[in-house]
$ cat query-v8.pdb   # PDB, C-alpha atoms, pLDDT in the B column
ATOM      1  CA  MET G   1    -106.947  68.834 -27.909  1.00 50.00           C
ATOM      2  CA  SER G   2    -103.484  70.102 -28.664  1.00 65.00           C
ATOM      3  CA  SER G   3    -101.362  68.604 -31.376  1.00 90.00           C
ATOM      4  CA  LYS G   4     -97.615  68.183 -31.441  1.00 92.00           C
ATOM      5  CA  TRP G   5     -97.599  71.211 -33.786  1.00 95.00           C
ATOM      6  CA  ASP G   6     -99.407  73.376 -31.234  1.00 95.00           C
ATOM      7  CA  VAL G   7     -96.776  72.434 -28.668  1.00 94.00           C
ATOM      8  CA  ARG G   8     -93.939  73.033 -31.126  1.00 96.00           C
ATOM      9  CA  PHE G   9     -95.185  76.488 -32.093  1.00 97.00           C
ATOM     10  CA  LEU G  10     -95.756  77.461 -28.450  1.00 96.00           C
ATOM     11  CA  GLU G  11     -92.266  76.182 -27.594  1.00 96.00           C
ATOM     12  CA  LEU G  12     -90.904  78.350 -30.401  1.00 98.00           C
ATOM     13  CA  ALA G  13     -92.920  81.352 -29.163  1.00 97.00           C
ATOM     14  CA  ASP G  14     -91.542  80.703 -25.673  1.00 96.00           C
ATOM     15  CA  HIS G  15     -87.988  80.600 -27.042  1.00 98.00           C
ATOM     16  CA  ILE G  16     -88.542  83.818 -28.995  1.00 98.00           C
ATOM     17  CA  SER G  17     -89.902  85.476 -25.832  1.00 97.00           C
ATOM     18  CA  SER G  18     -86.439  85.032 -24.283  1.00 97.00           C
ATOM     19  CA  TRP G  19     -85.109  87.544 -26.837  1.00 97.00           C
ATOM     20  CA  SER G  20     -87.048  90.325 -25.079  1.00 96.00           C
ATOM     21  CA  LYS G  21     -84.946  92.609 -22.902  1.00 95.00           C
ATOM     22  CA  ASP G  22     -87.941  93.510 -20.722  1.00 95.00           C
ATOM     23  CA  PRO G  23     -86.939  92.483 -17.184  1.00 93.00           C
ATOM     24  CA  SER G  24     -90.533  92.039 -15.937  1.00 90.00           C
ATOM     25  CA  THR G  25     -92.428  90.349 -18.776  1.00 90.00           C
ATOM     26  CA  LYS G  26     -91.238  88.376 -21.795  1.00 94.00           C
ATOM     27  CA  VAL G  27     -93.786  87.468 -24.474  1.00 95.00           C
ATOM     28  CA  GLY G  28     -93.292  85.682 -27.792  1.00 97.00           C
ATOM     29  CA  CYS G  29     -95.554  85.276 -30.816  1.00 98.00           C
ATOM     30  CA  VAL G  30     -95.357  82.975 -33.846  1.00 98.00           C
ATOM     31  CA  VAL G  31     -97.824  83.447 -36.707  1.00 98.00           C
ATOM     32  CA  VAL G  32     -98.420  80.351 -38.794  1.00 98.00           C
ATOM     33  CA  GLY G  33    -100.197  79.804 -42.118  1.00 97.00           C
ATOM     34  CA  ALA G  34    -102.603  77.019 -43.047  1.00 94.00           C
ATOM     35  CA  ASP G  35     -99.792  74.678 -44.124  1.00 95.00           C
ATOM     36  CA  ARG G  36     -97.910  75.127 -40.831  1.00 95.00           C
ATOM     37  CA  GLU G  37     -95.480  77.559 -42.435  1.00 97.00           C
ATOM     38  CA  ILE G  38     -94.136  80.253 -40.147  1.00 98.00           C
ATOM     39  CA  ARG G  39     -95.166  83.628 -41.571  1.00 98.00           C
ATOM     40  CA  SER G  40     -93.798  85.909 -38.852  1.00 98.00           C
ATOM     41  CA  THR G  41     -92.487  86.081 -35.301  1.00 98.00           C
ATOM     42  CA  GLY G  42     -92.265  88.766 -32.650  1.00 98.00           C
ATOM     43  CA  PHE G  43     -91.321  89.474 -29.061  1.00 98.00           C
ATOM     44  CA  ASN G  44     -92.009  92.460 -26.834  1.00 97.00           C
ATOM     45  CA  GLY G  45     -89.487  95.253 -27.119  1.00 96.00           C
ATOM     46  CA  PHE G  46     -88.853  98.802 -28.215  1.00 96.00           C
ATOM     47  CA  PRO G  47     -89.076  99.766 -31.904  1.00 95.00           C
ATOM     48  CA  ARG G  48     -85.966  99.518 -34.059  1.00 93.00           C
ATOM     49  CA  GLY G  49     -83.481 102.262 -33.251  1.00 94.00           C
ATOM     50  CA  ILE G  50     -84.983 103.130 -29.848  1.00 95.00           C
ATOM     51  CA  GLU G  51     -82.500 102.648 -27.020  1.00 94.00           C
ATOM     52  CA  ASP G  52     -83.650  99.853 -24.725  1.00 92.00           C
ATOM     53  CA  SER G  53     -81.646 100.788 -21.645  1.00 92.00           C
ATOM     54  CA  LEU G  54     -82.351  99.068 -18.339  1.00 92.00           C
ATOM     55  CA  GLU G  55     -83.375 102.458 -16.937  1.00 93.00           C
ATOM     56  CA  ARG G  56     -86.146 102.788 -19.545  1.00 94.00           C
ATOM     57  CA  LEU G  57     -87.181  99.139 -19.281  1.00 93.00           C
ATOM     58  CA  THR G  58     -87.555  99.232 -15.494  1.00 94.00           C
ATOM     59  CA  ASP G  59     -89.573 102.471 -15.414  1.00 93.00           C
ATOM     60  CA  ARG G  60     -93.144 101.644 -16.457  1.00 90.00           C
ATOM     61  CA  GLU G  61     -93.956 105.312 -17.178  1.00 93.00           C
ATOM     62  CA  GLN G  62     -91.148 105.356 -19.750  1.00 92.00           C
ATOM     63  CA  LYS G  63     -91.568 101.765 -20.962  1.00 93.00           C
ATOM     64  CA  TYR G  64     -95.302 101.462 -21.668  1.00 91.00           C
ATOM     65  CA  PRO G  65     -95.580 104.264 -24.254  1.00 93.00           C
ATOM     66  CA  LEU G  66     -92.522 102.927 -26.123  1.00 94.00           C
ATOM     67  CA  ILE G  67     -92.884  99.144 -26.045  1.00 95.00           C
ATOM     68  CA  CYS G  68     -94.257  97.060 -28.897  1.00 97.00           C
ATOM     69  CA  HIS G  69     -95.965  93.875 -27.790  1.00 96.00           C
ATOM     70  CA  ALA G  70     -94.997  90.536 -29.334  1.00 98.00           C
ATOM     71  CA  GLU G  71     -98.146  90.290 -31.466  1.00 98.00           C
ATOM     72  CA  GLU G  72     -97.710  93.839 -32.747  1.00 97.00           C
ATOM     73  CA  ASN G  73     -94.085  93.147 -33.628  1.00 97.00           C
ATOM     74  CA  ALA G  74     -95.045  89.982 -35.521  1.00 98.00           C
ATOM     75  CA  ILE G  75     -97.747  91.860 -37.453  1.00 98.00           C
ATOM     76  CA  MET G  76     -95.520  94.864 -38.210  1.00 97.00           C
ATOM     77  CA  HIS G  77     -92.622  92.628 -39.261  1.00 97.00           C
ATOM     78  CA  ALA G  78     -94.910  90.814 -41.707  1.00 98.00           C
ATOM     79  CA  ALA G  79     -96.143  94.158 -43.091  1.00 97.00           C
ATOM     80  CA  ARG G  80     -92.561  95.398 -43.421  1.00 96.00           C
ATOM     81  CA  ILE G  81     -91.612  92.459 -45.639  1.00 96.00           C
ATOM     82  CA  GLY G  82     -94.951  92.151 -47.476  1.00 97.00           C
ATOM     83  CA  ILE G  83     -96.320  88.950 -45.924  1.00 98.00           C
ATOM     84  CA  SER G  84    -100.075  88.540 -45.447  1.00 97.00           C
ATOM     85  CA  LEU G  85    -101.277  87.159 -42.116  1.00 98.00           C
ATOM     86  CA  LYS G  86    -104.860  86.743 -43.341  1.00 98.00           C
ATOM     87  CA  ASP G  87    -106.345  83.384 -42.283  1.00 98.00           C
ATOM     88  CA  CYS G  88    -103.329  82.595 -40.067  1.00 98.00           C
ATOM     89  CA  THR G  89    -103.023  81.323 -36.495  1.00 98.00           C
ATOM     90  CA  ALA G  90    -101.098  83.275 -33.849  1.00 98.00           C
ATOM     91  CA  TYR G  91     -99.340  81.325 -31.101  1.00 98.00           C
ATOM     92  CA  VAL G  92     -98.638  83.543 -28.096  1.00 97.00           C
ATOM     93  CA  THR G  93     -97.101  82.900 -24.684  1.00 95.00           C
ATOM     94  CA  TRP G  94     -99.677  85.157 -22.935  1.00 92.00           C
ATOM     95  CA  PRO G  95    -103.300  85.988 -23.697  1.00 93.00           C
ATOM     96  CA  PRO G  96    -103.340  89.034 -26.008  1.00 95.00           C
ATOM     97  CA  CYS G  97    -104.216  92.413 -24.502  1.00 95.00           C
ATOM     98  CA  THR G  98    -106.920  94.593 -26.080  1.00 96.00           C
ATOM     99  CA  ARG G  99    -104.312  96.592 -28.022  1.00 96.00           C
ATOM    100  CA  CYS G 100    -102.976  93.389 -29.598  1.00 97.00           C
ATOM    101  CA  ALA G 101    -106.442  91.869 -30.039  1.00 98.00           C
ATOM    102  CA  ARG G 102    -107.389  94.864 -32.204  1.00 97.00           C
ATOM    103  CA  SER G 103    -104.277  94.355 -34.312  1.00 98.00           C
ATOM    104  CA  LEU G 104    -104.797  90.584 -34.626  1.00 98.00           C
ATOM    105  CA  ILE G 105    -108.402  91.123 -35.732  1.00 98.00           C
ATOM    106  CA  GLN G 106    -107.405  93.753 -38.299  1.00 98.00           C
ATOM    107  CA  ALA G 107    -104.535  91.588 -39.629  1.00 98.00           C
ATOM    108  CA  GLY G 108    -107.005  88.798 -40.463  1.00 98.00           C
ATOM    109  CA  ILE G 109    -105.852  86.283 -37.854  1.00 98.00           C
ATOM    110  CA  VAL G 110    -108.504  83.554 -37.543  1.00 98.00           C
ATOM    111  CA  GLU G 111    -107.202  81.673 -34.502  1.00 98.00           C
ATOM    112  CA  VAL G 112    -105.188  82.555 -31.411  1.00 98.00           C
ATOM    113  CA  VAL G 113    -103.568  79.827 -29.340  1.00 97.00           C
ATOM    114  CA  TYR G 114    -102.028  80.870 -26.048  1.00 94.00           C
ATOM    115  CA  THR G 115    -100.487  79.299 -23.009  1.00 88.00           C
ATOM    116  CA  GLU G 116    -102.772  78.404 -20.129  1.00 83.00           C
ATOM    117  CA  THR G 117    -101.441  80.525 -17.296  1.00 75.00           C
ATOM    118  CA  ASN G 118    -102.415  81.406 -13.763  1.00 72.00           C
ATOM    119  CA  ASN G 119     -99.733  84.023 -13.159  1.00 77.00           C
ATOM    120  CA  ILE G 120    -101.354  86.973 -14.921  1.00 77.00           C
ATOM    121  CA  PRO G 121    -100.719  90.135 -12.891  1.00 80.00           C
ATOM    122  CA  GLU G 122    -103.838  91.710 -11.418  1.00 83.00           C
ATOM    123  CA  ARG G 123    -103.266  94.896 -13.459  1.00 83.00           C
ATOM    124  CA  TRP G 124    -103.805  92.944 -16.723  1.00 84.00           C
ATOM    125  CA  GLN G 125    -106.778  90.752 -15.753  1.00 87.00           C
ATOM    126  CA  GLU G 126    -109.597  93.127 -16.727  1.00 92.00           C
ATOM    127  CA  ASP G 127    -107.910  93.960 -20.035  1.00 93.00           C
ATOM    128  CA  PHE G 128    -107.467  90.268 -20.907  1.00 92.00           C
ATOM    129  CA  ILE G 129    -111.140  89.544 -20.213  1.00 93.00           C
ATOM    130  CA  ARG G 130    -112.133  92.435 -22.505  1.00 96.00           C
ATOM    131  CA  SER G 131    -109.650  91.229 -25.135  1.00 96.00           C
ATOM    132  CA  ILE G 132    -110.954  87.655 -25.115  1.00 96.00           C
ATOM    133  CA  ASN G 133    -114.526  88.889 -25.478  1.00 97.00           C
ATOM    134  CA  MET G 134    -113.510  91.184 -28.339  1.00 98.00           C
ATOM    135  CA  MET G 135    -111.737  88.388 -30.243  1.00 98.00           C
ATOM    136  CA  LYS G 136    -114.681  86.033 -29.737  1.00 97.00           C
ATOM    137  CA  GLU G 137    -117.093  88.682 -31.013  1.00 98.00           C
ATOM    138  CA  ALA G 138    -114.884  89.158 -34.093  1.00 98.00           C
ATOM    139  CA  GLY G 139    -115.072  85.418 -34.797  1.00 98.00           C
ATOM    140  CA  ILE G 140    -111.505  84.486 -33.859  1.00 98.00           C
ATOM    141  CA  LYS G 141    -111.186  80.948 -32.571  1.00 98.00           C
ATOM    142  CA  LEU G 142    -109.409  80.885 -29.199  1.00 97.00           C
ATOM    143  CA  ARG G 143    -107.616  77.945 -27.649  1.00 95.00           C
ATOM    144  CA  THR G 144    -105.462  77.567 -24.564  1.00 93.00           C
ATOM    145  CA  ILE G 145    -102.759  74.933 -24.263  1.00 90.00           C
ATOM    146  CA  GLU G 146    -101.191  73.697 -21.050  1.00 82.00           C
ATOM    147  CA  PHE G 147     -97.515  74.242 -21.496  1.00 66.00           C
ATOM    148  CA  GLU G 148     -94.532  73.507 -19.282  1.00 62.00           C
TER     149      GLU G 148
END
$ encode --input "query-v8.pdb" --output "structure tokens"
Amino acid sequence: MSSKWDVRFLELADHISSWSKDPSTKVGCVVVGADREIRSTGFNGFPRGIEDSLERLTDREQKYPLICHAEENAIMHAARIGISLKDCTAYVTWPPCTRCARSLIQAGIVEVVYTETNNIPERWQEDFIRSINMMKEAGIKLRTIEFE
């Protein structure tokens, strides 16, 4: 059962996703400590200093090697400023991909809460299934929340 805090953190992750300049997919992530303190946030986008022109963002061959996913950005931001994410919960607007699942596991995240969604593109479905299985095997608690 979701709490008002789950909804609040997913609403915040959804708001943060709007900061992404990616025209096809916008994802947000909020990482929260045990006392509901926000430790870090992230959205999908290019690394600092890398030009995020529409031409690059609309060409998947150019975009995919350059883009940082929301979870990665949240983890790297925390590392940049010296904040531990061990034993934290990540709230994400999409299920994490395998690349992000690896990072979440290694960062010490203990729970991932993501939005219940039926509009996952076919090209991501197999990866998300693998990711969910990987996080479960690593002992991460997974929850989905219906979110408007």
$ residues_around --input "query-v8.pdb" --residues "range 22-34 of chain G" --least-positions-apart "6" --cutoff "6 Å" --atoms "all atoms listed in the file" --output "ChimeraX atom specification"
/G:13-14,16,40-44,57,70-71,88-93
$ atom_distance --input "query-v8.pdb" --atom1 "CA of Thr115 in chain G" --atom2 "CA of Pro95 in chain G"
7.3 Å
$ resolve_selection --input "query-v8.pdb" --expression "the PyMOL selection byres ((chain G and resi 97) around 7)" --output "VMD selection string"
chain G and resid 95 to 96 98 to 101 127 to 128 131
$ residues_around --input "query-v8.pdb" --residues "range 136-139 of chain G" --least-positions-apart "3" --cutoff "7 Å" --atoms "only C-alpha atoms" --output "number ranges by chain"
G: 105, 132-133
$ closest_residue --input "query-v8.pdb" --among "G:Ile67, G:Ile129, G:Ile83, G:Ile120" --to "Gly45 in chain G" --atoms "all atoms listed in the file"
G:Ile67
$ atom_distance --input "query-v8.pdb" --atom1 "CA of Leu54 in chain G" --atom2 "CA of Lys21 in chain G"
8.3 Å
$ closest_residue --input "query-v8.pdb" --among "G:Ser103, G:Ile140, G:His77, G:Glu146" --to "Asn118 in chain G" --atoms "only C-alpha atoms"
G:Glu146
$ atom_distance --input "query-v8.pdb" --atom1 "CA of Glu61 in chain G" --atom2 "CA of Trp124 in chain G"
15.8 Å
$ residues_around --input "query-v8.pdb" --residues "Ile50 in chain G" --least-positions-apart "2" --cutoff "12 Å" --atoms "only C-alpha atoms" --output "number ranges by chain"
G: 45-48, 52-53, 56-57, 63, 66-68
$ residues_around --input "query-v8.pdb" --residues "Asp87 in chain G" --least-positions-apart "3" --cutoff "6 Å" --atoms "all atoms listed in the file" --output "VMD selection string"
chain G and resid 108 to 110
$ closest_residue --input "query-v8.pdb" --among "G:Met76, G:Ile81, G:Ile145, G:Ala107" --to "Asp6 in chain G" --atoms "only C-alpha atoms"
G:Ile145
$ resolve_selection --input "query-v8.pdb" --expression "the PyMOL selection byres ((chain G and resi 113) around 6)" --output "MDAnalysis selection string"
chainID G and resid 91 112 114 142:144
$ decode --input "query-v8.pdb" --residues "range 48-60 of chain G" --atoms "all heavy atoms" --output "tab-separated table (two decimals), in the first residue's frame"
chain	number	residue	atom	x	y	z
G	48	ARG	N	27.36	16.96	-17.79
G	48	ARG	CA	27.69	18.39	-17.74
G	48	ARG	C	28.68	18.75	-18.84
G	48	ARG	O	29.67	18.04	-19.04
G	48	ARG	CB	28.31	18.74	-16.39
G	48	ARG	CG	27.36	18.73	-15.24
G	48	ARG	CD	28.12	18.99	-13.92
G	48	ARG	NE	27.23	19.12	-12.80
G	48	ARG	CZ	26.82	18.11	-12.05
G	48	ARG	NH1	27.22	16.88	-12.30
G	48	ARG	NH2	26.00	18.32	-11.03
G	49	GLY	N	28.42	19.86	-19.51
G	49	GLY	CA	29.34	20.35	-20.53
G	49	GLY	C	29.19	19.73	-21.90
G	49	GLY	O	29.87	20.14	-22.84
G	50	ILE	N	28.31	18.74	-22.05
G	50	ILE	CA	28.09	18.11	-23.35
G	50	ILE	C	26.87	18.76	-23.99
G	50	ILE	O	25.79	18.80	-23.37
G	50	ILE	CB	27.87	16.58	-23.21
G	50	ILE	CG1	29.05	15.93	-22.48
G	50	ILE	CG2	27.61	15.94	-24.56
G	50	ILE	CD1	30.40	16.09	-23.16
G	51	GLU	N	27.04	19.27	-25.20
G	51	GLU	CA	25.95	20.00	-25.85
G	51	GLU	C	24.76	19.08	-26.09
G	51	GLU	O	24.89	18.01	-26.69
G	51	GLU	CB	26.44	20.57	-27.19
G	51	GLU	CG	25.38	21.40	-27.88
G	51	GLU	CD	25.75	21.78	-29.31
G	51	GLU	OE1	26.89	21.53	-29.73
G	51	GLU	OE2	24.87	22.32	-29.99
G	52	ASP	N	23.60	19.52	-25.61
G	52	ASP	CA	22.39	18.71	-25.76
G	52	ASP	C	21.47	19.32	-26.84
G	52	ASP	O	20.34	19.70	-26.57
G	52	ASP	CB	21.66	18.53	-24.44
G	52	ASP	CG	21.44	19.83	-23.69
G	52	ASP	OD1	21.70	20.92	-24.27
G	52	ASP	OD2	21.01	19.77	-22.53
G	53	SER	N	22.01	19.38	-28.05
G	53	SER	CA	21.26	19.93	-29.17
G	53	SER	C	20.12	18.99	-29.55
G	53	SER	O	20.18	17.78	-29.30
G	53	SER	CB	22.17	20.13	-30.38
G	53	SER	OG	22.61	18.86	-30.87
G	54	LEU	N	19.09	19.56	-30.15
G	54	LEU	CA	17.95	18.76	-30.60
G	54	LEU	C	18.40	17.71	-31.61
G	54	LEU	O	17.90	16.58	-31.61
G	54	LEU	CB	16.86	19.67	-31.20
G	54	LEU	CG	15.50	19.02	-31.41
G	54	LEU	CD1	14.96	18.45	-30.10
G	54	LEU	CD2	14.53	20.01	-32.02
G	55	GLU	N	19.38	18.07	-32.44
G	55	GLU	CA	19.90	17.12	-33.43
G	55	GLU	C	20.45	15.87	-32.74
G	55	GLU	O	20.17	14.75	-33.14
G	55	GLU	CB	20.99	17.78	-34.27
G	55	GLU	CG	21.60	16.85	-35.31
G	55	GLU	CD	22.82	17.43	-35.99
G	55	GLU	OE1	22.90	18.66	-36.13
G	55	GLU	OE2	23.70	16.63	-36.37
G	56	ARG	N	21.24	16.06	-31.69
G	56	ARG	CA	21.80	14.92	-30.95
G	56	ARG	C	20.70	14.15	-30.21
G	56	ARG	O	20.73	12.93	-30.15
G	56	ARG	CB	22.82	15.40	-29.93
G	56	ARG	CG	24.19	15.60	-30.49
G	56	ARG	CD	25.13	16.02	-29.38
G	56	ARG	NE	26.52	15.91	-29.80
G	56	ARG	CZ	27.53	16.33	-29.09
G	56	ARG	NH1	27.33	16.90	-27.91
G	56	ARG	NH2	28.76	16.19	-29.53
G	57	LEU	N	19.77	14.88	-29.61
G	57	LEU	CA	18.73	14.24	-28.81
G	57	LEU	C	17.71	13.47	-29.64
G	57	LEU	O	17.05	12.58	-29.12
G	57	LEU	CB	18.01	15.29	-27.95
G	57	LEU	CG	18.83	15.81	-26.77
G	57	LEU	CD1	18.22	17.09	-26.23
G	57	LEU	CD2	18.94	14.76	-25.68
G	58	THR	N	17.56	13.80	-30.91
G	58	THR	CA	16.59	13.10	-31.74
G	58	THR	C	17.21	11.97	-32.55
G	58	THR	O	16.50	11.22	-33.21
G	58	THR	CB	15.86	14.08	-32.69
G	58	THR	OG1	16.84	14.81	-33.43
G	58	THR	CG2	14.97	15.02	-31.92
G	59	ASP	N	18.52	11.83	-32.51
G	59	ASP	CA	19.23	10.77	-33.22
G	59	ASP	C	19.69	9.74	-32.20
G	59	ASP	O	20.67	9.95	-31.49
G	59	ASP	CB	20.41	11.38	-33.98
G	59	ASP	CG	21.22	10.33	-34.74
G	59	ASP	OD1	20.99	9.11	-34.56
G	59	ASP	OD2	22.12	10.75	-35.50
G	60	ARG	N	18.98	8.60	-32.14
G	60	ARG	CA	19.29	7.60	-31.12
G	60	ARG	C	20.73	7.11	-31.18
G	60	ARG	O	21.33	6.79	-30.15
G	60	ARG	CB	18.33	6.41	-31.22
G	60	ARG	CG	16.95	6.77	-30.70
G	60	ARG	CD	16.11	5.52	-30.47
G	60	ARG	NE	14.89	5.93	-29.80
G	60	ARG	CZ	13.68	5.80	-30.31
G	60	ARG	NH1	13.52	5.27	-31.50
G	60	ARG	NH2	12.63	6.20	-29.64
